[in-house]
>>> print(open('query.pdb').read())   # PDB, C-alpha atoms, pLDDT in the B column
ATOM      1  CA  MET A   1      92.555  88.661 116.174  1.00 39.00           C
ATOM      2  CA  ARG A   2      94.536  86.248 118.249  1.00 42.00           C
ATOM      3  CA  SER A   3      96.952  84.980 115.685  1.00 49.00           C
ATOM      4  CA  ASN A   4     100.657  84.448 115.520  1.00 62.00           C
ATOM      5  CA  ASP A   5     102.893  86.791 113.560  1.00 71.00           C
ATOM      6  CA  GLY A   6     103.738  84.019 111.090  1.00 84.00           C
ATOM      7  CA  GLU A   7     100.110  83.659 110.057  1.00 91.00           C
ATOM      8  CA  HIS A   8      99.737  87.416 109.636  1.00 96.00           C
ATOM      9  CA  GLU A   9     102.946  87.550 107.606  1.00 97.00           C
ATOM     10  CA  GLY A  10     101.800  84.724 105.336  1.00 97.00           C
ATOM     11  CA  TRP A  11      98.538  86.467 104.437  1.00 98.00           C
ATOM     12  CA  LEU A  12     100.264  89.832 104.127  1.00 98.00           C
ATOM     13  CA  ARG A  13     102.751  88.311 101.680  1.00 98.00           C
ATOM     14  CA  LEU A  14      99.777  87.509  99.419  1.00 98.00           C
ATOM     15  CA  ALA A  15      98.746  91.165  99.673  1.00 98.00           C
ATOM     16  CA  LEU A  16     102.325  92.122  98.736  1.00 98.00           C
ATOM     17  CA  GLU A  17     101.978  90.036  95.554  1.00 98.00           C
ATOM     18  CA  GLU A  18      98.923  92.125  94.651  1.00 98.00           C
ATOM     19  CA  ALA A  19     100.820  95.318  95.468  1.00 98.00           C
ATOM     20  CA  ARG A  20     103.763  94.366  93.255  1.00 98.00           C
ATOM     21  CA  SER A  21     101.377  93.614  90.407  1.00 98.00           C
ATOM     22  CA  ALA A  22      99.738  97.031  90.829  1.00 98.00           C
ATOM     23  CA  GLY A  23     103.124  98.752  90.783  1.00 97.00           C
ATOM     24  CA  ALA A  24     104.209  96.870  87.658  1.00 97.00           C
ATOM     25  CA  ALA A  25     101.017  98.099  85.961  1.00 97.00           C
ATOM     26  CA  GLY A  26     101.733 101.726  86.916  1.00 95.00           C
ATOM     27  CA  ASP A  27      99.457 102.075  89.923  1.00 97.00           C
ATOM     28  CA  VAL A  28     100.610 102.873  93.443  1.00 97.00           C
ATOM     29  CA  PRO A  29     101.691  99.470  94.811  1.00 98.00           C
ATOM     30  CA  VAL A  30      99.070  98.679  97.424  1.00 98.00           C
ATOM     31  CA  GLY A  31      97.536  95.222  97.680  1.00 98.00           C
ATOM     32  CA  ALA A  32      94.903  93.561  99.828  1.00 98.00           C
ATOM     33  CA  VAL A  33      93.440  90.141 100.561  1.00 98.00           C
ATOM     34  CA  ILE A  34      90.435  89.184 102.657  1.00 98.00           C
ATOM     35  CA  VAL A  35      90.499  85.885 104.527  1.00 98.00           C
ATOM     36  CA  HIS A  36      87.476  84.072 105.953  1.00 97.00           C
ATOM     37  CA  ASP A  37      87.780  80.694 107.701  1.00 96.00           C
ATOM     38  CA  GLY A  38      91.350  80.322 106.448  1.00 96.00           C
ATOM     39  CA  VAL A  39      90.446  80.916 102.782  1.00 97.00           C
ATOM     40  CA  VAL A  40      91.127  83.975 100.623  1.00 98.00           C
ATOM     41  CA  ILE A  41      87.710  85.236  99.493  1.00 98.00           C
ATOM     42  CA  GLY A  42      88.773  88.593  98.069  1.00 98.00           C
ATOM     43  CA  ARG A  43      91.814  90.138  96.466  1.00 98.00           C
ATOM     44  CA  GLY A  44      92.500  93.665  95.369  1.00 98.00           C
ATOM     45  CA  GLN A  45      95.235  95.895  94.106  1.00 98.00           C
ATOM     46  CA  ASN A  46      95.177  99.602  93.432  1.00 98.00           C
ATOM     47  CA  ARG A  47      93.639 100.272  90.025  1.00 98.00           C
ATOM     48  CA  VAL A  48      93.080 104.022  90.371  1.00 98.00           C
ATOM     49  CA  GLU A  49      95.285 104.939  87.393  1.00 96.00           C
ATOM     50  CA  ARG A  50      94.215 102.071  85.154  1.00 97.00           C
ATOM     51  CA  LEU A  51      90.493 102.591  85.741  1.00 98.00           C
ATOM     52  CA  ARG A  52      90.679 106.376  86.212  1.00 97.00           C
ATOM     53  CA  ASP A  53      88.552 105.775  89.295  1.00 98.00           C
ATOM     54  CA  PRO A  54      89.485 107.453  92.594  1.00 98.00           C
ATOM     55  CA  THR A  55      87.590 104.741  94.520  1.00 98.00           C
ATOM     56  CA  ALA A  56      89.517 101.825  92.965  1.00 98.00           C
ATOM     57  CA  HIS A  57      91.696 101.273  96.039  1.00 98.00           C
ATOM     58  CA  ALA A  58      92.927  97.764  96.806  1.00 98.00           C
ATOM     59  CA  GLU A  59      90.724  97.491  99.917  1.00 98.00           C
ATOM     60  CA  MET A  60      87.562  98.572  98.091  1.00 98.00           C
ATOM     61  CA  LEU A  61      88.100  96.049  95.312  1.00 98.00           C
ATOM     62  CA  ALA A  62      88.877  93.249  97.776  1.00 98.00           C
ATOM     63  CA  ILE A  63      85.737  94.049  99.788  1.00 98.00           C
ATOM     64  CA  ARG A  64      83.609  93.949  96.640  1.00 98.00           C
ATOM     65  CA  GLU A  65      85.074  90.604  95.617  1.00 98.00           C
ATOM     66  CA  ALA A  66      84.695  89.110  99.102  1.00 98.00           C
ATOM     67  CA  SER A  67      81.082  90.250  99.387  1.00 98.00           C
ATOM     68  CA  ALA A  68      80.332  88.680  96.007  1.00 98.00           C
ATOM     69  CA  ALA A  69      82.058  85.452  97.074  1.00 97.00           C
ATOM     70  CA  LEU A  70      79.929  85.216 100.228  1.00 96.00           C
ATOM     71  CA  GLY A  71      76.803  86.522  98.521  1.00 96.00           C
ATOM     72  CA  TYR A  72      76.321  89.012 101.328  1.00 95.00           C
ATOM     73  CA  GLU A  73      77.525  92.541 102.086  1.00 94.00           C
ATOM     74  CA  ARG A  74      78.555  91.737 105.652  1.00 97.00           C
ATOM     75  CA  LEU A  75      81.975  90.167 106.117  1.00 98.00           C
ATOM     76  CA  ALA A  76      81.648  89.231 109.798  1.00 96.00           C
ATOM     77  CA  GLY A  77      84.471  86.984 110.926  1.00 97.00           C
ATOM     78  CA  ALA A  78      86.717  87.991 108.021  1.00 98.00           C
ATOM     79  CA  ALA A  79      90.130  89.656 108.143  1.00 98.00           C
ATOM     80  CA  LEU A  80      91.521  92.222 105.732  1.00 98.00           C
ATOM     81  CA  TYR A  81      95.270  92.172 105.097  1.00 98.00           C
ATOM     82  CA  VAL A  82      96.580  95.264 103.313  1.00 98.00           C
ATOM     83  CA  THR A  83     100.057  96.574 102.653  1.00 98.00           C
ATOM     84  CA  LEU A  84      99.296 100.211 103.581  1.00 98.00           C
ATOM     85  CA  GLU A  85      97.142 101.613 106.366  1.00 98.00           C
ATOM     86  CA  PRO A  86      93.697 102.348 104.872  1.00 98.00           C
ATOM     87  CA  CYS A  87      92.484 105.883 104.123  1.00 98.00           C
ATOM     88  CA  ALA A  88      89.207 107.358 105.410  1.00 98.00           C
ATOM     89  CA  MET A  89      87.187 106.029 102.449  1.00 98.00           C
ATOM     90  CA  CYS A  90      88.495 102.503 102.885  1.00 98.00           C
ATOM     91  CA  ALA A  91      88.187 102.642 106.683  1.00 98.00           C
ATOM     92  CA  GLY A  92      84.530 103.594 106.277  1.00 98.00           C
ATOM     93  CA  ALA A  93      83.985 100.662 103.918  1.00 98.00           C
ATOM     94  CA  ILE A  94      85.734  98.329 106.384  1.00 98.00           C
ATOM     95  CA  VAL A  95      83.289  99.379 109.106  1.00 98.00           C
ATOM     96  CA  LEU A  96      80.265  99.117 106.797  1.00 98.00           C
ATOM     97  CA  ALA A  97      81.352  95.638 105.680  1.00 98.00           C
ATOM     98  CA  ARG A  98      81.643  94.603 109.356  1.00 98.00           C
ATOM     99  CA  LEU A  99      85.104  93.148 108.889  1.00 98.00           C
ATOM    100  CA  GLN A 100      86.335  91.674 112.160  1.00 98.00           C
ATOM    101  CA  ASN A 101      90.062  92.271 111.742  1.00 98.00           C
ATOM    102  CA  LEU A 102      92.417  94.562 109.898  1.00 98.00           C
ATOM    103  CA  VAL A 103      96.109  93.782 109.545  1.00 98.00           C
ATOM    104  CA  TYR A 104      98.251  96.283 107.682  1.00 98.00           C
ATOM    105  CA  GLY A 105     101.913  96.705 106.836  1.00 98.00           C
ATOM    106  CA  ALA A 106     103.068 100.302 106.506  1.00 98.00           C
ATOM    107  CA  ALA A 107     101.513 103.120 108.517  1.00 98.00           C
ATOM    108  CA  ASP A 108     100.374 106.173 106.549  1.00 97.00           C
ATOM    109  CA  PRO A 109     100.912 109.340 108.603  1.00 96.00           C
ATOM    110  CA  LYS A 110      99.430 111.578 105.876  1.00 96.00           C
ATOM    111  CA  THR A 111      96.133 109.807 105.125  1.00 97.00           C
ATOM    112  CA  GLY A 112      95.948 106.776 107.424  1.00 98.00           C
ATOM    113  CA  ALA A 113      92.535 106.463 109.061  1.00 98.00           C
ATOM    114  CA  CYS A 114      93.161 103.370 111.168  1.00 98.00           C
ATOM    115  CA  GLY A 115      95.351 104.852 113.882  1.00 97.00           C
ATOM    116  CA  SER A 116      97.759 107.339 112.311  1.00 97.00           C
ATOM    117  CA  LEU A 117      95.828 110.457 111.326  1.00 96.00           C
ATOM    118  CA  ARG A 118      92.376 109.249 112.403  1.00 96.00           C
ATOM    119  CA  ASP A 119      90.974 106.024 113.824  1.00 98.00           C
ATOM    120  CA  ILE A 120      87.671 105.429 112.088  1.00 98.00           C
ATOM    121  CA  VAL A 121      87.703 101.645 112.457  1.00 98.00           C
ATOM    122  CA  ARG A 122      87.917 101.810 116.266  1.00 98.00           C
ATOM    123  CA  ASP A 123      85.627 104.807 116.839  1.00 98.00           C
ATOM    124  CA  ASN A 124      83.209 103.672 119.554  1.00 97.00           C
ATOM    125  CA  ARG A 125      80.583 106.143 118.326  1.00 97.00           C
ATOM    126  CA  LEU A 126      80.060 103.910 115.299  1.00 97.00           C
ATOM    127  CA  ASN A 127      77.990 100.732 115.354  1.00 95.00           C
ATOM    128  CA  HIS A 128      80.981  98.480 114.603  1.00 97.00           C
ATOM    129  CA  GLN A 129      84.647  98.456 115.600  1.00 98.00           C
ATOM    130  CA  VAL A 130      87.488  96.488 114.061  1.00 98.00           C
ATOM    131  CA  GLU A 131      90.443  94.857 115.752  1.00 98.00           C
ATOM    132  CA  VAL A 132      93.609  96.340 114.227  1.00 98.00           C
ATOM    133  CA  THR A 133      97.161  95.022 113.988  1.00 98.00           C
ATOM    134  CA  GLY A 134      99.573  97.395 112.280  1.00 97.00           C
ATOM    135  CA  GLY A 135     103.214  97.197 111.320  1.00 97.00           C
ATOM    136  CA  VAL A 136     103.312  93.626 110.005  1.00 97.00           C
ATOM    137  CA  LEU A 137     106.112  93.431 107.412  1.00 98.00           C
ATOM    138  CA  SER A 138     106.190  97.227 107.604  1.00 98.00           C
ATOM    139  CA  GLU A 139     109.721  97.606 106.227  1.00 98.00           C
ATOM    140  CA  THR A 140     108.970  95.464 103.182  1.00 98.00           C
ATOM    141  CA  CYS A 141     105.703  97.299 102.521  1.00 98.00           C
ATOM    142  CA  SER A 142     107.317 100.731 103.005  1.00 98.00           C
ATOM    143  CA  GLU A 143     110.260  99.930 100.743  1.00 98.00           C
ATOM    144  CA  LEU A 144     107.935  98.812  97.963  1.00 98.00           C
ATOM    145  CA  LEU A 145     106.184 102.185  98.062  1.00 97.00           C
ATOM    146  CA  LYS A 146     109.424 104.175  98.364  1.00 97.00           C
ATOM    147  CA  ASP A 147     110.990 102.330  95.421  1.00 96.00           C
ATOM    148  CA  PHE A 148     107.901 102.959  93.282  1.00 96.00           C
ATOM    149  CA  PHE A 149     107.898 106.706  93.938  1.00 93.00           C
ATOM    150  CA  ARG A 150     111.684 106.957  93.618  1.00 93.00           C
ATOM    151  CA  THR A 151     111.433 105.346  90.171  1.00 90.00           C
ATOM    152  CA  LYS A 152     108.596 107.675  89.101  1.00 80.00           C
ATOM    153  CA  ARG A 153     110.526 110.736  90.229  1.00 81.00           C
ATOM    154  CA  GLY A 154     113.653 109.499  88.463  1.00 79.00           C
ATOM    155  CA  ALA A 155     111.684 109.092  85.232  1.00 68.00           C
ATOM    156  CA  GLY A 156     110.352 112.652  85.575  1.00 68.00           C
ATOM    157  CA  GLU A 157     106.769 111.431  85.913  1.00 67.00           C
ATOM    158  CA  PRO A 158     104.260 113.342  88.004  1.00 62.00           C
ATOM    159  CA  VAL A 159     103.847 111.812  91.460  1.00 60.00           C
ATOM    160  CA  SER A 160     100.358 111.554  92.894  1.00 61.00           C
TER     161      SER A 160
END
>>> encode(input="query.pdb", output="structure tokens")
Amino acid sequence: MRSNDGEHEGWLRLALEEARSAGAAGDVPVGAVIVHDGVVIGRGQNRVERLRDPTAHAEMLAIREASAALGYERLAGAALYVTLEPCAMCAGAIVLARLQNLVYGAADPKTGACGSLRDIVRDNRLNHQVEVTGGVLSETCSELLKDFFRTKRGAGEPVS
């Protein structure tokens, strides 16, 4: 994706709004938006705790919404903006949806599957690869997650 940092930051700030909403509702604060032709066509925020659904990650929900908006399962030409590097499940869905671009904030060295631990979205053995830009607003995205877990630990809640 040949875009300036300001454009990436603007879209990622919308994903941060979703992440903050997820955190306020008790879910891990991760948010995502999908943009196609300059328009947001999908939004998602982690809903794992609220739905008791291990697949209710922000990226998965945004992909579902975007596919419904376009009326098609392929999201060619679209970009996913997410506050945390996607896991293996989400990376697989990104490839299957044929997203063109992925822009994420914080890297995830424990479960990140878009460059940190694995690199599913750029694996040339698969039938589709995604252009990845990581580290956009990384400090803001990381601090949101750290603050969430610090608060949970301080309240004596179990941390997932």
>>> closest_residue(input="query.pdb", among="A:Ile34, A:Ala76, A:Ala25, A:Ile120", to="Arg64 in chain A", atoms="all atoms listed in the file")
A:Ile34
>>> atom_distance(input="query.pdb", atom1="CA of Asp27 in chain A", atom2="CA of Glu49 in chain A")
5.7 Å
>>> resolve_selection(input="query.pdb", expression="the PyMOL selection byres ((chain A and resi 86) around 7)", output="list in words")
Leu84, Glu85, Cys87, Ala88, Cys90, Ala91, Gly112, Ala113 and Cys114 of chain A
>>> closest_residue(input="query.pdb", among="A:Leu145, A:Gln100, A:Gly26, A:Ala106", to="Val132 in chain A", atoms="all atoms listed in the file")
A:Gln100
>>> closest_residue(input="query.pdb", among="A:Val40, A:Ala24, A:Leu96, A:Leu12", to="Thr83 in chain A", atoms="all atoms listed in the file")
A:Leu12
>>> closest_residue(input="query.pdb", among="A:Asn124, A:Val136, A:Gly31, A:Gly44", to="Ile63 in chain A", atoms="only C-alpha atoms")
A:Gly44
>>> closest_residue(input="query.pdb", among="A:Ser116, A:Asn46, A:Ser138, A:Thr151", to="Glu59 in chain A", atoms="only C-alpha atoms")
A:Asn46
>>> build_atoms(input="query.pdb", residues="range 79-90 of chain A", atoms="all heavy atoms", output="PDB file, keeping the file's coordinate frame")
ATOM      1  N   ALA A  79      88.983  88.781 107.879  1.00 98.00           N
ATOM      2  CA  ALA A  79      90.130  89.656 108.143  1.00 98.00           C
ATOM      3  C   ALA A  79      90.632  90.241 106.835  1.00 98.00           C
ATOM      4  O   ALA A  79      90.741  89.536 105.830  1.00 98.00           O
ATOM      5  CB  ALA A  79      91.250  88.879 108.824  1.00 98.00           C
ATOM      6  N   LEU A  80      90.933  91.533 106.871  1.00 98.00           N
ATOM      7  CA  LEU A  80      91.521  92.222 105.732  1.00 98.00           C
ATOM      8  C   LEU A  80      93.007  92.413 105.997  1.00 98.00           C
ATOM      9  O   LEU A  80      93.384  92.929 107.051  1.00 98.00           O
ATOM     10  CB  LEU A  80      90.857  93.590 105.536  1.00 98.00           C
ATOM     11  CG  LEU A  80      91.517  94.555 104.555  1.00 98.00           C
ATOM     12  CD1 LEU A  80      91.485  94.022 103.128  1.00 98.00           C
ATOM     13  CD2 LEU A  80      90.848  95.921 104.623  1.00 98.00           C
ATOM     14  N   TYR A  81      93.823  91.975 105.050  1.00 98.00           N
ATOM     15  CA  TYR A  81      95.270  92.172 105.097  1.00 98.00           C
ATOM     16  C   TYR A  81      95.619  93.131 103.975  1.00 98.00           C
ATOM     17  O   TYR A  81      95.298  92.869 102.812  1.00 98.00           O
ATOM     18  CB  TYR A  81      96.008  90.842 104.904  1.00 98.00           C
ATOM     19  CG  TYR A  81      95.827  89.897 106.050  1.00 98.00           C
ATOM     20  CD1 TYR A  81      94.708  89.072 106.124  1.00 98.00           C
ATOM     21  CD2 TYR A  81      96.762  89.842 107.076  1.00 98.00           C
ATOM     22  CE1 TYR A  81      94.516  88.209 107.193  1.00 98.00           C
ATOM     23  CE2 TYR A  81      96.584  88.976 108.149  1.00 98.00           C
ATOM     24  CZ  TYR A  81      95.464  88.171 108.198  1.00 98.00           C
ATOM     25  OH  TYR A  81      95.274  87.328 109.263  1.00 98.00           O
ATOM     26  N   VAL A  82      96.263  94.247 104.314  1.00 98.00           N
ATOM     27  CA  VAL A  82      96.580  95.264 103.313  1.00 98.00           C
ATOM     28  C   VAL A  82      97.969  95.827 103.587  1.00 98.00           C
ATOM     29  O   VAL A  82      98.388  95.943 104.741  1.00 98.00           O
ATOM     30  CB  VAL A  82      95.485  96.358 103.279  1.00 98.00           C
ATOM     31  CG1 VAL A  82      95.375  97.094 104.590  1.00 98.00           C
ATOM     32  CG2 VAL A  82      95.676  97.319 102.122  1.00 98.00           C
ATOM     33  N   THR A  83      98.659  96.172 102.525  1.00 98.00           N
ATOM     34  CA  THR A  83     100.057  96.574 102.653  1.00 98.00           C
ATOM     35  C   THR A  83     100.246  97.984 103.197  1.00 98.00           C
ATOM     36  O   THR A  83     101.323  98.299 103.692  1.00 98.00           O
ATOM     37  CB  THR A  83     100.780  96.445 101.292  1.00 98.00           C
ATOM     38  OG1 THR A  83     100.090  97.241 100.317  1.00 98.00           O
ATOM     39  CG2 THR A  83     100.823  94.988 100.853  1.00 98.00           C
ATOM     40  N   LEU A  84      99.222  98.832 103.100  1.00 98.00           N
ATOM     41  CA  LEU A  84      99.296 100.211 103.581  1.00 98.00           C
ATOM     42  C   LEU A  84      98.066 100.516 104.421  1.00 98.00           C
ATOM     43  O   LEU A  84      96.953 100.109 104.062  1.00 98.00           O
ATOM     44  CB  LEU A  84      99.362 101.180 102.393  1.00 98.00           C
ATOM     45  CG  LEU A  84      99.454 102.670 102.709  1.00 98.00           C
ATOM     46  CD1 LEU A  84     100.780 102.996 103.408  1.00 98.00           C
ATOM     47  CD2 LEU A  84      99.319 103.487 101.427  1.00 98.00           C
ATOM     48  N   GLU A  85      98.258 101.226 105.501  1.00 98.00           N
ATOM     49  CA  GLU A  85      97.142 101.613 106.366  1.00 98.00           C
ATOM     50  C   GLU A  85      96.041 102.275 105.532  1.00 98.00           C
ATOM     51  O   GLU A  85      96.301 103.190 104.761  1.00 98.00           O
ATOM     52  CB  GLU A  85      97.643 102.593 107.425  1.00 98.00           C
ATOM     53  CG  GLU A  85      96.571 103.080 108.359  1.00 98.00           C
ATOM     54  CD  GLU A  85      97.077 104.112 109.348  1.00 98.00           C
ATOM     55  OE1 GLU A  85      98.289 104.418 109.352  1.00 98.00           O
ATOM     56  OE2 GLU A  85      96.247 104.623 110.127  1.00 98.00           O
ATOM     57  N   PRO A  86      94.808 101.814 105.671  1.00 98.00           N
ATOM     58  CA  PRO A  86      93.697 102.348 104.872  1.00 98.00           C
ATOM     59  C   PRO A  86      93.394 103.828 105.128  1.00 98.00           C
ATOM     60  O   PRO A  86      93.568 104.339 106.236  1.00 98.00           O
ATOM     61  CB  PRO A  86      92.515 101.483 105.285  1.00 98.00           C
ATOM     62  CG  PRO A  86      93.138 100.186 105.698  1.00 98.00           C
ATOM     63  CD  PRO A  86      94.411 100.602 106.402  1.00 98.00           C
ATOM     64  N   CYS A  87      92.919 104.489 104.067  1.00 98.00           N
ATOM     65  CA  CYS A  87      92.484 105.883 104.123  1.00 98.00           C
ATOM     66  C   CYS A  87      91.073 105.955 104.714  1.00 98.00           C
ATOM     67  O   CYS A  87      90.465 104.930 105.037  1.00 98.00           O
ATOM     68  CB  CYS A  87      92.487 106.480 102.715  1.00 98.00           C
ATOM     69  SG  CYS A  87      91.204 105.783 101.644  1.00 98.00           S
ATOM     70  N   ALA A  88      90.540 107.162 104.830  1.00 98.00           N
ATOM     71  CA  ALA A  88      89.207 107.358 105.410  1.00 98.00           C
ATOM     72  C   ALA A  88      88.120 106.642 104.606  1.00 98.00           C
ATOM     73  O   ALA A  88      87.211 106.036 105.180  1.00 98.00           O
ATOM     74  CB  ALA A  88      88.902 108.845 105.527  1.00 98.00           C
ATOM     75  N   MET A  89      88.186 106.704 103.280  1.00 98.00           N
ATOM     76  CA  MET A  89      87.187 106.029 102.449  1.00 98.00           C
ATOM     77  C   MET A  89      87.199 104.531 102.713  1.00 98.00           C
ATOM     78  O   MET A  89      86.149 103.922 102.942  1.00 98.00           O
ATOM     79  CB  MET A  89      87.464 106.289 100.967  1.00 98.00           C
ATOM     80  CG  MET A  89      86.555 105.497 100.033  1.00 98.00           C
ATOM     81  SD  MET A  89      86.948 105.717  98.281  1.00 98.00           S
ATOM     82  CE  MET A  89      88.561 104.915  98.155  1.00 98.00           C
ATOM     83  N   CYS A  90      88.376 103.950 102.695  1.00 98.00           N
ATOM     84  CA  CYS A  90      88.495 102.503 102.885  1.00 98.00           C
ATOM     85  C   CYS A  90      88.144 102.100 104.316  1.00 98.00           C
ATOM     86  O   CYS A  90      87.510 101.068 104.536  1.00 98.00           O
ATOM     87  CB  CYS A  90      89.892 102.042 102.506  1.00 98.00           C
ATOM     88  SG  CYS A  90      90.220 102.242 100.735  1.00 98.00           S
TER      89      CYS A  90
END
